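Enquirer: Quick one, coords29.txt (compact mmCIF, C-alpha atoms and all ligand atoms):
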# COMPACT_ATOMS: atom_id res chain seq x y z
CA MET A 15 157.38 45.14 152.01
CA SER A 16 159.52 45.63 155.12
CA VAL A 17 162.47 47.92 155.37
CA GLN A 18 164.57 44.98 156.53
CA TYR A 19 163.41 42.61 153.83
CA GLN A 20 165.90 42.26 151.01
CA ALA A 21 164.40 40.73 147.90
CA ILE A 22 167.82 40.51 146.29
CA GLY A 23 171.08 39.71 147.99
CA TRP A 24 172.29 37.01 150.26
CA ASN A 25 172.21 37.17 153.99
CA ARG A 26 173.55 34.77 156.60
CA GLN A 27 170.21 33.03 157.04
CA LYS A 28 169.87 32.33 153.30
CA ARG A 29 173.43 31.05 153.04
CA LEU A 30 172.92 28.73 156.00
CA TYR A 31 169.61 27.49 154.54
CA ASP A 32 171.24 26.75 151.19
CA ALA A 33 174.34 25.16 152.73
CA ILE A 34 172.17 22.77 154.76
CA LEU A 35 170.04 22.03 151.68
CA VAL A 36 173.02 21.29 149.41
CA GLY A 37 174.67 19.21 152.17
CA LEU A 38 171.53 17.10 152.68
CA VAL A 39 171.05 16.57 148.92
CA ALA A 40 174.71 15.55 148.47
CA LEU A 41 174.44 13.18 151.45
CA TYR A 42 171.26 11.62 150.01
CA ILE A 43 172.80 11.06 146.55
CA ALA A 44 175.99 9.62 148.08
CA LEU A 45 174.01 7.28 150.36
CA PHE A 46 171.68 6.27 147.53
CA ALA A 47 174.56 5.46 145.18
CA GLY A 48 176.61 3.74 147.93
CA ILE A 49 173.82 1.58 149.33
CA GLY A 50 172.40 0.99 145.82
CA SER A 51 175.70 -0.39 144.54
CA LEU A 52 175.85 -2.80 147.50
CA VAL A 53 172.24 -3.97 147.20
CA HIS A 54 172.26 -4.08 143.36
CA PRO A 55 175.88 -4.92 142.45
CA ASN A 56 174.92 -5.24 138.76
CA ALA A 57 173.40 -1.76 138.49
CA THR A 58 175.45 0.67 136.41
CA ALA A 59 176.58 4.04 137.80
CA GLU A 60 174.23 5.77 135.29
CA THR A 61 171.21 3.81 136.53
CA LEU A 62 172.05 4.60 140.17
CA LEU A 63 172.46 8.28 139.38
CA ILE A 64 169.22 8.41 137.36
CA ARG A 65 167.36 6.81 140.24
CA GLY A 66 169.19 8.78 142.92
CA PHE A 67 168.48 12.18 141.34
CA GLY A 68 164.89 11.21 140.45
CA THR A 69 164.02 10.07 143.97
CA ALA A 70 165.83 13.06 145.53
CA ALA A 71 163.71 15.39 143.34
CA ILE A 72 160.40 13.77 144.20
CA LEU A 73 161.28 13.58 147.90
CA LEU A 74 162.05 17.29 147.91
CA LEU A 75 158.80 17.96 146.07
CA HIS A 76 156.92 16.25 148.91
CA VAL A 77 158.75 18.43 151.45
CA ILE A 78 157.87 21.55 149.43
CA LEU A 79 154.19 20.60 149.23
CA ALA A 80 154.05 19.79 152.94
CA ILE A 81 155.61 23.08 154.11
CA GLY A 82 152.54 25.22 153.27
CA PRO A 83 150.00 23.29 155.37
CA LEU A 84 152.55 22.59 158.12
CA CYS A 85 153.10 26.33 158.57
CA ARG A 86 149.35 26.92 158.81
CA LEU A 87 149.20 24.31 161.55
CA ASN A 88 152.32 25.25 163.51
CA ALA A 89 154.36 28.45 163.34
CA ARG A 90 157.53 26.54 164.22
CA PHE A 91 157.76 25.43 160.58
CA LEU A 92 157.87 29.03 159.31
CA PRO A 93 161.69 29.19 158.94
CA LEU A 94 161.34 26.48 156.26
CA LEU A 95 158.91 28.65 154.34
CA TYR A 96 161.05 31.80 154.11
CA ASN A 97 163.23 30.40 151.33
CA ARG A 98 160.91 27.75 149.95
CA ARG A 99 161.74 28.96 146.44
CA HIS A 100 165.32 27.78 146.95
CA LEU A 101 163.91 24.31 147.58
CA GLY A 102 161.87 24.60 144.36
CA VAL A 103 164.85 25.58 142.23
CA THR A 104 166.99 22.83 143.79
CA MET A 105 164.24 20.30 143.11
CA PHE A 106 164.03 21.41 139.48
CA LEU A 107 167.83 21.07 139.07
CA LEU A 108 167.77 17.55 140.55
CA ALA A 109 164.87 16.61 138.24
CA LEU A 110 166.74 18.13 135.29
CA VAL A 111 169.84 16.02 135.96
CA HIS A 112 167.60 12.95 136.23
CA GLY A 113 165.79 13.81 132.96
CA VAL A 114 169.00 14.59 131.05
CA PHE A 115 170.71 11.38 132.25
CA SER A 116 167.60 9.35 131.38
CA ILE A 117 167.40 10.83 127.88
CA ALA A 118 171.14 10.28 127.35
CA GLN A 119 170.81 6.70 128.57
CA PHE A 120 167.61 5.63 126.84
CA HIS A 121 166.99 7.99 123.92
CA ALA A 122 170.28 9.42 122.68
CA LEU A 123 171.15 6.70 120.17
CA GLY A 124 169.03 7.21 117.10
CA ASP A 125 168.46 9.42 114.09
CA ARG A 126 165.80 11.54 115.70
CA ASN A 127 166.20 14.36 118.17
CA PRO A 128 166.37 12.70 121.65
CA LEU A 129 163.70 15.11 122.97
CA VAL A 130 161.33 13.95 120.22
CA ARG A 131 162.22 10.33 120.92
CA VAL A 132 161.19 10.72 124.58
CA LEU A 133 157.69 11.50 123.32
CA VAL A 134 157.38 9.09 120.39
CA SER A 135 159.69 6.10 120.90
CA ASN A 136 156.93 4.33 122.85
CA PRO A 137 153.68 5.00 120.94
CA ARG A 138 151.41 3.14 123.45
CA TYR A 139 149.48 6.26 124.48
CA ASP A 140 146.32 4.14 124.21
CA SER A 141 147.44 1.71 126.92
CA PHE A 142 147.33 2.26 130.67
CA ILE A 143 149.94 -0.22 131.76
CA GLU A 144 152.35 0.38 128.85
CA PHE A 145 151.78 4.14 128.73
CA PRO A 146 155.00 6.05 127.81
CA PHE A 147 155.65 7.25 131.35
CA GLN A 148 158.71 9.27 130.34
CA SER A 149 156.53 11.75 128.49
CA LEU A 150 154.68 12.44 131.78
CA GLY A 151 158.01 13.18 133.46
CA PHE A 152 158.96 15.40 130.53
CA LEU A 153 155.74 17.44 130.84
CA ALA A 154 156.23 17.78 134.60
CA LEU A 155 159.81 18.92 134.02
CA LEU A 156 158.56 21.67 131.68
CA ILE A 157 156.18 22.91 134.39
CA LEU A 158 158.94 22.81 137.01
CA PHE A 159 161.18 24.76 134.63
CA VAL A 160 158.59 27.57 134.23
CA MET A 161 158.20 27.71 138.00
CA ALA A 162 161.94 27.78 138.68
CA ALA A 163 162.53 30.39 135.96
CA THR A 164 159.83 32.71 137.37
CA SER A 165 160.60 32.10 141.04
CA HIS A 166 162.43 35.38 141.62
CA ASP A 167 160.60 38.43 143.06
CA PHE A 168 161.40 40.22 139.79
CA TRP A 169 158.80 38.02 138.07
CA LEU A 170 156.41 38.25 141.01
CA ASN A 171 156.38 42.04 140.65
CA ASN A 172 156.22 42.07 136.86
CA LEU A 173 153.62 39.34 136.36
CA THR A 174 151.53 40.58 139.37
CA PRO A 175 151.07 38.35 142.43
CA ALA A 176 147.76 36.93 141.14
CA ILE A 177 149.23 35.59 137.87
CA TRP A 178 152.43 34.49 139.61
CA LYS A 179 150.39 32.55 142.14
CA ARG A 180 148.37 30.89 139.38
CA ILE A 181 151.57 29.81 137.60
CA HIS A 182 152.96 28.39 140.82
CA MET A 183 149.77 26.50 141.63
CA THR A 184 150.54 24.33 138.58
CA VAL A 185 152.96 22.54 140.91
CA TYR A 186 149.96 20.34 141.74
CA VAL A 187 149.59 19.42 138.03
CA ALA A 188 153.30 18.58 137.95
CA TYR A 189 152.89 16.52 141.12
CA ALA A 190 150.00 14.52 139.63
CA LEU A 191 152.03 13.89 136.45
CA LEU A 192 154.99 12.74 138.53
CA VAL A 193 152.92 10.37 140.67
CA ALA A 194 151.77 8.79 137.37
CA HIS A 195 155.33 8.89 135.93
CA VAL A 196 156.81 7.03 138.88
CA THR A 197 153.90 4.60 139.36
CA LEU A 198 153.73 3.58 135.69
CA GLY A 199 157.54 3.44 135.45
CA ALA A 200 157.72 1.16 138.50
CA LEU A 201 154.86 -1.04 137.20
CA GLN A 202 156.53 -1.42 133.82
CA SER A 203 159.98 -2.27 135.10
CA GLU A 204 158.69 -4.79 137.68
CA ARG A 205 160.99 -3.31 140.30
CA ASP A 206 160.56 -3.97 143.99
CA PRO A 207 157.37 -2.36 145.30
CA LEU A 208 159.19 -0.23 147.91
CA LEU A 209 159.20 2.83 145.64
CA ALA A 210 155.47 2.60 144.90
CA ALA A 211 154.70 2.03 148.60
CA THR A 212 156.80 5.05 149.62
CA LEU A 213 155.02 7.14 147.02
CA VAL A 214 151.61 6.10 148.34
CA VAL A 215 152.68 7.08 151.88
CA GLY A 216 154.02 10.43 150.58
CA LEU A 217 150.86 11.12 148.60
CA GLY A 218 148.70 10.24 151.63
CA ALA A 219 150.74 12.53 153.90
CA VAL A 220 150.52 15.47 151.47
CA LEU A 221 146.75 14.99 151.02
CA MET A 222 146.13 14.62 154.74
CA LEU A 223 148.11 17.75 155.65
CA HIS A 224 146.25 19.78 153.03
CA LEU A 225 142.88 18.52 154.28
CA ILE A 226 143.65 19.27 157.94
CA ALA A 227 144.93 22.76 157.07
CA ALA A 228 141.88 23.41 154.85
CA ARG A 229 139.53 22.37 157.66
CA ARG A 230 141.24 24.72 160.04
CA GLU A 231 141.09 27.54 157.51
CA GLY A 232 137.41 26.75 156.88
CA ARG A 233 136.62 27.35 160.54
CA MET A 234 138.12 30.84 160.17
CA ASP A 235 135.67 31.51 157.34
CA ASN A 236 132.55 31.38 159.52
CA GLU A 237 131.12 34.82 158.81
CA LEU A 238 130.62 37.02 161.89
CA ARG A 239 127.07 38.18 162.53
CA VAL A 240 125.99 41.81 162.54
CA THR A 241 125.26 42.52 166.19
CA GLU A 242 124.83 46.29 166.25
CA ALA A 243 122.17 48.51 164.70
CA ASP A 244 124.85 50.46 162.79
CA GLY A 245 126.16 47.30 161.07
CA PHE A 246 129.17 46.65 163.36
CA MET A 247 130.00 43.04 164.17
CA ASP A 248 131.16 41.58 167.44
CA VAL A 249 134.65 40.03 167.16
CA CYS A 250 135.73 38.88 170.63
CA PRO A 251 136.58 40.16 174.10
CA ILE A 252 139.68 42.33 173.92
CA SER A 253 141.38 39.94 176.32
CA ALA A 254 141.24 37.24 173.58
CA ILE A 255 143.83 39.12 171.48
CA PRO A 256 147.39 38.94 172.84
CA GLU A 257 149.49 42.13 172.71
CA ASN A 258 151.07 42.70 169.26
CA ARG A 259 149.08 39.82 167.79
CA ALA A 260 145.80 39.46 165.94
CA LYS A 261 142.57 37.57 165.81
CA VAL A 262 141.48 36.62 162.29
CA VAL A 263 137.76 36.72 161.51
CA CYS A 264 135.62 36.62 158.41
CA ALA A 265 133.64 39.80 157.84
CA GLY A 266 131.96 40.96 154.65
CA GLY A 267 133.17 37.77 152.93
CA GLU A 268 136.85 38.64 153.55
CA ARG A 269 139.35 37.58 156.19
CA VAL A 270 140.18 40.46 158.50
CA ALA A 271 143.09 40.60 160.96
CA VAL A 272 142.25 42.54 164.14
CA PHE A 273 145.48 43.57 165.88
CA ARG A 274 145.97 44.73 169.46
CA TYR A 275 149.08 46.81 170.18
CA ASP A 276 150.23 49.63 172.39
CA GLY A 277 146.82 50.12 174.05
CA LYS A 278 145.10 50.30 170.63
CA VAL A 279 143.19 48.05 168.23
CA SER A 280 143.24 48.22 164.40
CA ALA A 281 141.86 45.97 161.69
CA ILE A 282 143.24 45.36 158.18
CA SER A 283 142.82 42.78 155.44
CA ASN A 284 144.41 39.46 156.35
CA VAL A 285 145.88 39.00 152.87
CA CYS A 286 149.50 40.04 152.26
CA LEU A 287 150.11 41.56 148.84
CA HIS A 288 153.33 39.62 148.34
CA GLN A 289 152.07 36.05 148.05
CA ASN A 290 148.75 36.13 149.93
CA GLY A 291 150.45 35.31 153.25
CA PRO A 292 148.20 35.41 156.38
CA LEU A 293 148.97 38.79 157.98
CA GLY A 294 146.92 37.90 161.06
CA GLU A 295 149.36 35.10 161.84
CA GLY A 296 152.18 37.64 161.95
CA ARG A 297 152.96 40.10 164.74
CA ILE A 298 153.69 43.77 165.19
CA VAL A 299 157.39 44.51 164.87
CA ASP A 300 158.71 48.09 165.15
CA GLY A 301 155.14 49.40 165.01
CA CYS A 302 154.31 47.53 161.76
CA ILE A 303 152.26 44.41 161.11
CA THR A 304 154.84 41.96 159.78
CA CYS A 305 153.83 39.12 157.47
CA PRO A 306 154.95 35.77 158.88
CA TRP A 307 155.93 34.45 155.46
CA HIS A 308 158.60 36.78 154.11
CA GLY A 309 158.42 39.88 156.30
CA TYR A 310 156.45 42.45 154.24
CA GLN A 311 155.24 45.15 156.61
CA TYR A 312 152.10 47.32 156.88
CA LYS A 313 151.14 50.07 159.32
CA PRO A 314 148.13 49.01 161.39
CA GLU A 315 146.33 52.38 161.18
CA ASN A 316 146.29 52.67 157.37
CA GLY A 317 147.38 49.28 155.97
CA ALA A 318 150.21 50.95 154.03
CA ALA A 319 153.77 49.64 153.83
CA PRO A 320 156.35 51.95 155.43
CA LEU A 321 158.17 54.20 152.94
CA PRO A 322 159.81 53.72 150.46
CA PHE A 323 157.48 50.76 149.80
CA THR A 324 154.10 51.29 148.22
CA GLU A 325 151.91 48.26 149.01
CA LYS A 326 148.55 49.05 150.62
CA VAL A 327 145.84 46.76 151.96
CA ALA A 328 142.22 47.50 152.97
CA THR A 329 141.46 48.77 156.47
CA TYR A 330 138.35 48.36 158.64
CA ALA A 331 136.69 50.64 161.19
CA VAL A 332 137.05 49.20 164.67
CA ARG A 333 135.85 50.08 168.19
CA VAL A 334 135.79 48.62 171.69
CA ARG A 335 132.49 48.44 173.62
CA ASP A 336 132.23 46.98 177.14
CA GLY A 337 135.55 45.22 176.75
CA ARG A 338 134.60 43.64 173.39
CA VAL A 339 136.06 44.44 169.98
CA GLN A 340 133.67 45.29 167.15
CA ILE A 341 134.41 45.93 163.48
CA ASP A 342 132.57 47.40 160.54
CA PRO A 343 132.60 44.69 157.81
CA ARG A 344 132.69 47.28 154.99
CA ALA A 345 136.30 47.42 153.76
CA ASN A 346 137.86 50.85 153.27
CA PRO A 347 139.97 51.44 150.16
CA PRO A 348 143.57 50.19 150.59
CA GLY A 349 145.70 52.65 152.52
CA THR A 350 142.77 54.52 154.20
CA PHE A 351 143.71 55.85 157.63
CA ILE A 352 141.34 54.63 160.36
CA GLU A 353 141.66 55.96 163.88
CA PRO A 354 142.60 52.96 166.07
CA ALA A 355 140.23 52.08 168.89
CA ARG A 356 141.92 53.04 172.15
CA LEU A 357 141.81 50.87 175.24
CA SER A 358 141.44 52.67 178.54
CA SER A 359 144.41 52.01 180.81
CA TYR A 360 142.05 50.00 183.02
CA THR A 361 140.92 47.79 180.10
CA ALA A 362 144.52 47.21 178.93
CA ARG A 363 145.69 46.23 182.43
CA ASP A 364 142.64 44.04 182.84
CA CYS A 365 143.34 42.18 179.56
CA ASP A 366 146.99 41.62 180.41
CA ALA A 367 145.97 40.17 183.76
CA GLN A 368 143.49 37.82 182.04
CA LEU A 369 146.07 36.72 179.46
CA ARG A 370 148.60 35.94 182.19
C1 LIG A 401 162.56 14.55 130.69
C2 LIG A 401 161.93 14.13 131.76
C3 LIG A 401 162.06 12.77 132.36
C4 LIG A 401 162.47 11.56 131.81
C5 LIG A 401 162.91 11.30 130.38
C6 LIG A 401 162.43 10.58 132.86
C7 LIG A 401 162.76 9.26 132.69
C8 LIG A 401 162.70 8.31 133.67
C9 LIG A 401 163.04 6.93 133.49
C10 LIG A 401 163.55 6.29 132.21
C11 LIG A 401 162.83 6.32 134.69
C12 LIG A 401 163.06 4.84 135.02
C13 LIG A 401 164.45 4.72 135.55
C14 LIG A 401 164.77 3.32 135.97
O1 LIG A 401 163.86 2.53 136.18
O2 LIG A 401 165.96 3.04 136.08
C15 LIG A 401 162.34 7.30 135.61
C16 LIG A 401 162.02 7.05 136.92
C17 LIG A 401 161.78 8.04 137.84
N1 LIG A 401 161.62 9.39 137.61
FE1 LIG A 401 161.79 10.28 135.81
N2 LIG A 401 162.01 11.19 134.02
C18 LIG A 401 161.77 12.52 133.75
C19 LIG A 401 161.35 13.48 134.66
C20 LIG A 401 161.21 13.27 136.02
C21 LIG A 401 160.92 14.29 136.98
C22 LIG A 401 160.67 15.76 136.63
C23 LIG A 401 160.92 13.71 138.22
C24 LIG A 401 160.70 14.27 139.61
C25 LIG A 401 160.69 15.52 139.97
C26 LIG A 401 161.17 12.29 138.00
C27 LIG A 401 161.21 11.37 139.03
C28 LIG A 401 161.42 10.01 138.82
C29 LIG A 401 161.45 9.04 139.87
C30 LIG A 401 161.26 9.32 141.37
C31 LIG A 401 161.67 7.82 139.27
C32 LIG A 401 161.77 6.46 139.94
C33 LIG A 401 163.22 6.25 140.27
C34 LIG A 401 163.48 4.80 140.56
O3 LIG A 401 163.14 4.00 139.70
O4 LIG A 401 164.06 4.51 141.60
N3 LIG A 401 161.34 12.08 136.66
N4 LIG A 401 162.28 8.51 134.98
S1 LIG A 402 155.66 38.61 152.82
FE1 LIG A 402 155.47 37.02 151.39
S2 LIG A 402 153.42 36.55 151.61
FE2 LIG A 402 153.63 38.16 152.96
Represent the supplied structure as structure tokens.
Ligand code: HEM
Ligand code: FES
Expert:
Amino acid sequence: MSVQYQAIGWNRQKRLYDAILVGLVALYIALFAGIGSLVHPNATAETLLIRGFGTAAILLLHVILAIGPLCRLNARFLPLLYNRRHLGVTMFLLALVHGVFSIAQFHALGDRNPLVRVLVSNPRYDSFIEFPFQSLGFLALLILFVMAATSHDFWLNNLTPAIWKRIHMTVYVAYALLVAHVTLGALQSERDPLLAATLVVGLGAVLMLHLIAARREGRMDNELRVTEADGFMDVCPISAIPENRAKVVCAGGERVAVFRYDGKVSAISNVCLHQNGPLGEGRIVDGCITCPWHGYQYKPENGAAPLPFTEKVATYAVRVRDGRVQIDPRANPPGTFIEPARLSSYTARDCDAQLR
């Protein structure tokens, strides 16, 4: 974790992010209700709100799912990622309002508990076209609730990043349930096909972005070959690594980030301990490798976070031979100090000239 990073507490950037988010959501709902009442003069305010909040939630879910791959493809999207959890909680709240209004509108009048009625009032679980689509939305809402409730770093630290990540990957289950919820709902109510068409475009865009990002990641996973008798592997010419940046390679089955800084070269695991962010896509700030996702920091020589933080990642032996960087693919235990490879002043000047 970085010294500057504040897990708790609001800063100007977070306030601005949230203000823009709330403003955009309010604008969307107002426009949806305004235009909806003109286009469908017979629609009740409840119906417009149910639809407005539901579509706002699913739209935001698409944005959330697109941010990950977009950031892998272009660093300019990173500011969106810093507070992605705020988007997630906002999306859950919008979906909750939609769900509560829907239950109040369609399931509140009866002897049974409205929550039970959502699940049993339409018993056609054996039919595709008449399937009780509300129950799919209900299940998705439960998943979104668990994610929103555990979104804070408190839960990340207590559940461990691996379990936390697994919980948050269920967003894809929720997404699949919601695609079915909206598609079946639209099919059953014989509404205009615009919603279904928009959903297909959204689904296609999310899939495409994930595939492109996965292909790019896959290229990174081409294992380096052992080129030296002592097991070292050739990484690249030193001139291929810009100052304070890294080259990410796959060695020993793991992604390794090889950083060049201050006339030296060090190599550490590419995987940030916070949420598996790609350390090699970050840069060196104040002498520490800084994760591009939320700013956790690690010292390049030993992979340890600066005090008082305690995170440690694996380090790798590294050297420079004839202007080329080589690493030993055997990972050292997290936090192990490894003497950085030093560039001669000639080599450093030479690289800078080549990079210019
Ligand atoms: C308790 C959970 C839920 C219930 C009971 C529920 C119920 C409904 C109902 C009755 C409709 C049809 C509304 C209409 O045609 O006027 C609908 C549509 C929709 N729902 Fe849900 N839903 C739930 C959860 C969700 C969640 C979690 C999301 C998204 C994150 C969502 C997104 C949508 C969308 C986008 C539509 C289509 C809106 C439209 O027709 O314009 N729903 N839902
Ligand atoms: S700081 Fe969050 S993933 Fe690295």
Enquirer: Write as a list of chain:residue names the residues around ligand LIG 402 (chain A), taking 6 Å as the cut-off and counting all atoms listed in the file.
Expert: A:Cys286, A:His288, A:Gln289, A:Asn290, A:Gly291, A:Cys305, A:Trp307, A:His308, A:Gly309, A:Tyr310
Enquirer: Write out as an MDAnalysis selection string each polymer residue (protein, DNA or RNA) that has an atom no more than 7 Å from ligand LIG 401 (chain A), with all atoms listed in the file counted.
Expert: chainID A and resid 61 64:66 68:69 71:72 75 105:106 109:110 112:114 116:117 120 132 148:149 151:152 154:155 192 195:196 199:200 203 209
Enquirer: Restricting the calculation to only C-alpha atoms: of A:Val160, A:Leu30, A:Leu293, A:Val339, which residue gets closest to His182 of chain A?
Expert: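 Of A:Val160, A:Leu30, A:Leu293, A:Val339, the one nearest His182 of chain A is A:Val160, counting only C-alpha atoms.
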Enquirer: Suppose you want the space between atom CA of Ala162 of chain A and atom CA of Val103 of chain A; what is it in Å?
Expert: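 Going from atom CA of Ala162 of chain A over to atom CA of Val103 of chain A, I get 5.1 Å.
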Enquirer: Please provide the set of residues having any atom within 12 Å of Trp169 of chain A, restricted to all atoms listed in the file, with same-chain residues fewer than 5 positions apart removed, written as a PDB file with C-alpha atoms, keeping the file's coordinate frame.
Expert:
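As a result, result_37.pdb now contains:
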ATOM      1  CA  ALA A  21     164.400  40.730 147.900  1.00  0.00           C
ATOM      2  CA  VAL A 160     158.590  27.570 134.230  1.00  0.00           C
ATOM      3  CA  MET A 161     158.200  27.710 138.000  1.00  0.00           C
ATOM      4  CA  ALA A 162     161.940  27.780 138.680  1.00  0.00           C
ATOM      5  CA  ALA A 163     162.530  30.390 135.960  1.00  0.00           C
ATOM      6  CA  THR A 164     159.830  32.710 137.370  1.00  0.00           C
ATOM      7  CA  THR A 174     151.530  40.580 139.370  1.00  0.00           C
ATOM      8  CA  PRO A 175     151.070  38.350 142.430  1.00  0.00           C
ATOM      9  CA  ALA A 176     147.760  36.930 141.140  1.00  0.00           C
ATOM     10  CA  ILE A 177     149.230  35.590 137.870  1.00  0.00           C
ATOM     11  CA  TRP A 178     152.430  34.490 139.610  1.00  0.00           C
ATOM     12  CA  LYS A 179     150.390  32.550 142.140  1.00  0.00           C
ATOM     13  CA  ILE A 181     151.570  29.810 137.600  1.00  0.00           C
ATOM     14  CA  HIS A 182     152.960  28.390 140.820  1.00  0.00           C
ATOM     15  CA  HIS A 288     153.330  39.620 148.340  1.00  0.00           C
TER      16      HIS A 288
END
Enquirer: Hey, what's within 8 Å of Val263 of chain A if we count all atoms listed in the file and toss same-chain stuff fewer than 3 positions away? As a list in words, please?
Expert: Met234, Asp235, Asn236, Glu237, Leu238, Val249, Arg269, Val270, Ala271 and Val272 of chain A
Enquirer: Ranking A:Leu92, A:Leu45, A:Ala281, A:Ala331 by minimum distance to Gly294 of chain A and counting only C-alpha atoms, which one comes first?
Expert: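 Result for the nearest residue to Gly294 of chain A: A:Ala281.
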Enquirer: Quick one: residues within 8 Å of segment 99-101 of chain A, all atoms listed in the file, excluding same-chain residues fewer than 4 positions away - as a list in words?
Expert: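 Once the nearby chain positions are removed, what remains is Asp32, Leu35, Leu74, Ile78, Met105, Ala162 and Ser165 of chain A.
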Enquirer: Mind giving me the straight-line distance from atom CA of Ala188 of chain A to atom CA of Ile157 of chain A in Å, one decimal?
Expert: 6.3 Å
Enquirer: A:Phe323, A:Tyr139, A:Phe147, A:Phe46: which is nearest Ala59 of chain A, counting all atoms listed in the file?
Expert: A:Phe46
Enquirer: For atom CA of Ala318 of chain A and atom CA of Arg338 of chain A, quote the distance in Å rounded to one decimal.
Expert: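 Those two atoms sit 25.9 Å apart.
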Enquirer: Write out as JSON, numbers by chain the residues lying within 7 Å of Gln340 of chain A, counting only C-alpha atoms and excluding same-chain residues fewer than 6 positions away.
Expert: {"A": [246, 247, 248, 249, 332, 333, 334]}
Enquirer: Taking all atoms listed in the file into account, name the residue in A:Phe159, A:Phe91, A:Val193, A:Arg259 that is nearest to Gly218 of chain A.
Expert: A:Val193
Enquirer: As a PyMOL selection string, please: the residues near Leu41 of chain A (cut-off 12 Å, only C-alpha atoms, same-chain neighbours under 6 positions excluded).
Expert: chain A and resi 34-35+47-49+66-67+70
Enquirer: For those residues, write C-alpha atoms to a file as a PDB file, in the coordinates of the input.
Expert:
ATOM      1  CA  ILE A  34     172.170  22.770 154.760  1.00  0.00           C
ATOM      2  CA  LEU A  35     170.040  22.030 151.680  1.00  0.00           C
ATOM      3  CA  ALA A  47     174.560   5.460 145.180  1.00  0.00           C
ATOM      4  CA  GLY A  48     176.610   3.740 147.930  1.00  0.00           C
ATOM      5  CA  ILE A  49     173.820   1.580 149.330  1.00  0.00           C
ATOM      6  CA  GLY A  66     169.190   8.780 142.920  1.00  0.00           C
ATOM      7  CA  PHE A  67     168.480  12.180 141.340  1.00  0.00           C
ATOM      8  CA  ALA A  70     165.830  13.060 145.530  1.00  0.00           C
TER       9      ALA A  70
END
Enquirer: Taking only C-alpha atoms into account, which of A:Val285, A:Pro128, A:Phe273, A:Leu95 comes nearest Val77 of chain A?
Expert: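 Nearest to Val77 of chain A: A:Leu95.
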Enquirer: So which one's closest to Pro146 of chain A, A:Gln119, A:Arg230, A:Leu198, A:Asn97? Using only C-alpha atoms, please.
Expert: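 Smallest distance to Pro146 of chain A is found for A:Leu198.
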